[in-house]
Every structure is written in structure tokens, then in C-alpha cells.
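Pasting upload.txt here (compact mmCIF, C-alpha atoms):
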# COMPACT_ATOMS: atom_id res chain seq x y z
CA MET A 1105 138.70 114.92 78.32
CA LYS A 1106 140.05 116.96 75.45
CA ASN A 1107 137.04 119.27 75.19
CA GLY A 1108 137.20 120.20 78.88
CA ALA A 1109 134.29 117.98 79.93
CA ALA A 1110 134.64 115.62 82.84
CA MET A 1111 133.04 112.43 84.03
CA ARG A 1112 132.57 111.43 87.62
CA LEU A 1113 131.98 107.79 88.48
CA THR A 1114 130.84 106.80 91.92
CA THR A 1115 129.92 103.43 93.32
CA ALA A 1116 128.06 102.51 96.44
CA LYS A 1117 126.33 99.59 98.06
CA TYR A 1118 122.78 99.99 99.26
CA TYR A 1119 121.41 98.15 102.26
CA THR A 1120 118.01 97.61 103.81
CA PRO A 1121 117.45 98.70 107.42
CA SER A 1122 118.18 95.10 108.42
CA HIS A 1123 121.64 95.42 106.77
CA ARG A 1124 120.83 93.17 103.79
CA THR A 1125 122.38 94.27 100.52
CA ILE A 1126 119.95 94.90 97.69
CA HIS A 1127 122.46 94.45 94.85
CA GLU A 1128 121.33 91.90 92.26
CA ASN A 1129 118.28 91.20 94.45
CA GLY A 1130 116.32 94.44 94.55
CA VAL A 1131 113.55 94.93 97.06
CA GLU A 1132 109.95 93.82 97.12
CA PRO A 1133 107.55 96.59 98.17
CA THR A 1134 105.43 95.98 101.24
CA ILE A 1135 102.67 98.09 99.73
CA VAL A 1136 102.28 98.00 95.96
CA SER A 1137 101.17 101.16 94.20
CA ALA A 1138 100.53 100.07 90.64
CA LEU A 1139 99.84 102.45 87.77
CA THR A 1140 96.95 101.96 85.38
CA SER A 1141 97.75 101.49 81.71
CA GLN A 1142 96.49 105.04 81.06
CA GLU A 1143 98.86 106.46 83.70
CA GLU A 1144 101.76 104.47 82.25
CA LEU A 1145 100.93 105.85 78.80
CA ARG A 1146 100.92 109.45 80.10
CA ILE A 1147 104.31 108.94 81.75
CA SER A 1148 105.71 107.31 78.61
CA GLN A 1149 104.50 110.24 76.50
CA TRP A 1150 106.06 112.69 78.96
CA ARG A 1151 109.41 110.87 78.76
CA GLN A 1152 109.34 111.01 74.96
CA SER A 1153 108.32 114.69 74.79
CA ASN A 1154 110.78 117.21 73.41
CA THR A 1155 110.12 119.87 76.04
CA ALA A 1156 113.04 121.07 78.11
CA GLY A 1157 113.79 123.17 81.15
CA GLU A 1158 110.95 124.73 83.11
CA ALA A 1159 108.28 123.50 80.69
CA ARG A 1160 109.39 119.91 81.26
CA SER A 1161 109.28 120.42 85.03
CA LEU A 1162 105.75 121.84 84.82
CA ASP A 1163 104.64 118.91 82.69
CA LEU A 1164 106.04 116.52 85.30
CA ALA A 1165 104.24 118.35 88.11
CA ASN A 1166 100.97 118.05 86.17
CA LEU A 1167 101.41 114.27 85.86
CA GLY A 1168 101.15 113.91 89.63
CA ASP A 1169 103.11 111.44 91.72
CA LEU A 1170 100.59 108.76 92.60
CA GLN A 1171 103.16 106.65 94.41
CA LEU A 1172 104.11 109.57 96.67
CA GLU A 1173 100.43 110.24 97.30
CA ARG A 1174 99.94 106.57 98.23
CA ALA A 1175 102.93 106.69 100.60
CA THR A 1176 101.48 109.82 102.24
CA ASP A 1177 98.14 108.03 102.67
CA VAL A 1178 99.90 105.10 104.35
CA LEU A 1179 101.75 107.38 106.78
CA LYS A 1180 98.57 109.27 107.63
CA GLY A 1181 96.82 105.93 108.18
CA LEU A 1182 99.60 104.95 110.58
CA MET A 1183 99.04 108.21 112.43
CA VAL A 1184 95.33 107.45 112.86
CA TYR A 1185 96.15 103.92 114.00
CA GLN A 1186 98.67 105.22 116.52
CA GLN A 1187 96.14 107.70 117.90
CA PHE A 1188 93.81 104.82 118.75
CA ASN A 1189 96.61 102.89 120.41
CA ALA A 1190 98.58 105.85 121.73
CA ALA A 1191 100.20 106.30 125.05
CA PRO A 1192 100.53 109.90 126.28
CA ALA A 1193 102.77 111.91 123.95
CA PRO A 1194 106.30 112.58 125.22
CA ALA A 1195 106.89 116.12 126.45
CA ASP A 1196 110.11 116.43 124.45
CA PRO A 1197 109.73 115.98 120.63
CA LYS A 1198 113.18 114.33 120.60
CA ASP A 1199 111.63 111.42 122.52
CA ALA A 1200 108.91 110.89 119.89
CA LYS A 1201 109.01 107.86 117.63
CA PRO A 1202 110.51 108.51 114.16
CA ILE A 1203 107.14 107.90 112.47
CA ASN A 1204 105.63 110.70 114.56
CA ASN A 1205 108.30 113.10 113.32
CA ILE A 1206 107.59 112.14 109.70
CA ILE A 1207 103.85 112.55 110.15
CA ARG A 1208 104.33 115.89 111.91
CA LYS A 1209 106.36 117.15 108.92
CA LEU A 1210 103.70 115.94 106.47
CA ASN A 1211 100.99 117.83 108.31
CA ASP A 1212 103.01 121.00 108.91
CA PRO A 1213 101.81 123.72 106.51
CA ASP A 1214 105.10 125.61 106.95
CA VAL A 1215 107.15 122.73 105.49
CA SER A 1216 107.47 122.98 101.71
CA LYS A 1217 106.38 119.86 99.88
CA PRO A 1218 108.28 118.50 96.84
Could you take the file, read its structure, and then write that structure out as C-alpha cells?
Amino acid sequence: MKNGAAMRLTTAKYYTPSHRTIHENGVEPTIVSALTSQEELRISQWRQSNTAGEARSLDLANLGDLQLERATDVLKGLMVYQQFNAAPAPADPKDAKPINNIIRKLNDPDVSKP
């Protein structure tokens, strides 16, 4: 562009784990985490606020991410379920199921959380 700015355009196709494309179809969540009207209002007000930079980031952090919290609850619930139905844990962490690795990271205090 004449003023030295640039634009980068990328395209990609997104697939589900079963190799189904989600273009024009979207995905239906297995577990729905709906927001209340009050939570939607708070998010709408945050989007319309004039704050910028670090102040905007702090405001976002104060809103909380209820959907992330719900996802964490689901993963922890899976961990409890697996403990009741668990076979002996593999000696090598590489042999653990992927869900165990995710749960281990969620419970590790040394791993920084977003």
C-alpha cells in the first residue's frame, strides 16, 4: 500500500477430528455453556468500552471466562470418572491417554494458566 501498510490474507479449511469439514455447517457443541442475559450484557458493555491496552486486558480478565471454567469442570469430571474405572497407570507418561495429559496439565501448579 502507498502508506507502507500491508495486508496479509490467509485461508484455511477446518476439520473435525472425524475429518468432516465445518465450513458452512459449523459445529454443534456436545456440552452447551450458555450465558445469562446479565453476563451477555456485561460482555456487550466490555466490547463497546473505549478502554485500550492493558486496561482493556484487565477488564477482560475481570469478566471471567465461564465457558473455559465449564470446560475445565468437564475435564476434571472425566478425571474422576476415569479414576473409578481406571486400570493401573502406565509407568511411562508417553503411554498415558491424551485426556490424562490434559488433566495433568490442568492440575499442575507450575503450568501457567491463560
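Taking CA of Ser1137 (chain A) and CA of Gln1171 (chain A) as endpoints, the distance between them is 5.8 Å.
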- Message: So, with only C-alpha atoms as the atoms that count, which of A:Ala1110, A:Val1178, A:Met1105, A:Leu1170 lies closest to Ala1138 (chain A)?
- Response: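 Selected residue with least distance to Ala1138 (chain A): A:Leu1170.
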- Kindly give the distance, in Å, that separates CA of Asp1169 (chain A) and CA of Asn1129 (chain A), rounded to a single decimal.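 CA of Asn1129 (chain A) lies at a distance of 25.4 Å from CA of Asp1169 (chain A).
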- Item | Exercise: region 1160-1166 of chain A partners within 9 Å, all atoms listed in the file, chain neighbours under 4 positions left out, as a PyMOL selection string | chain A and resi 1147+1150+1153-1156
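Rounded to one decimal, CA of Gly1181 (chain A) and CA of Tyr1119 (chain A) lie 26.5 Å from each other.
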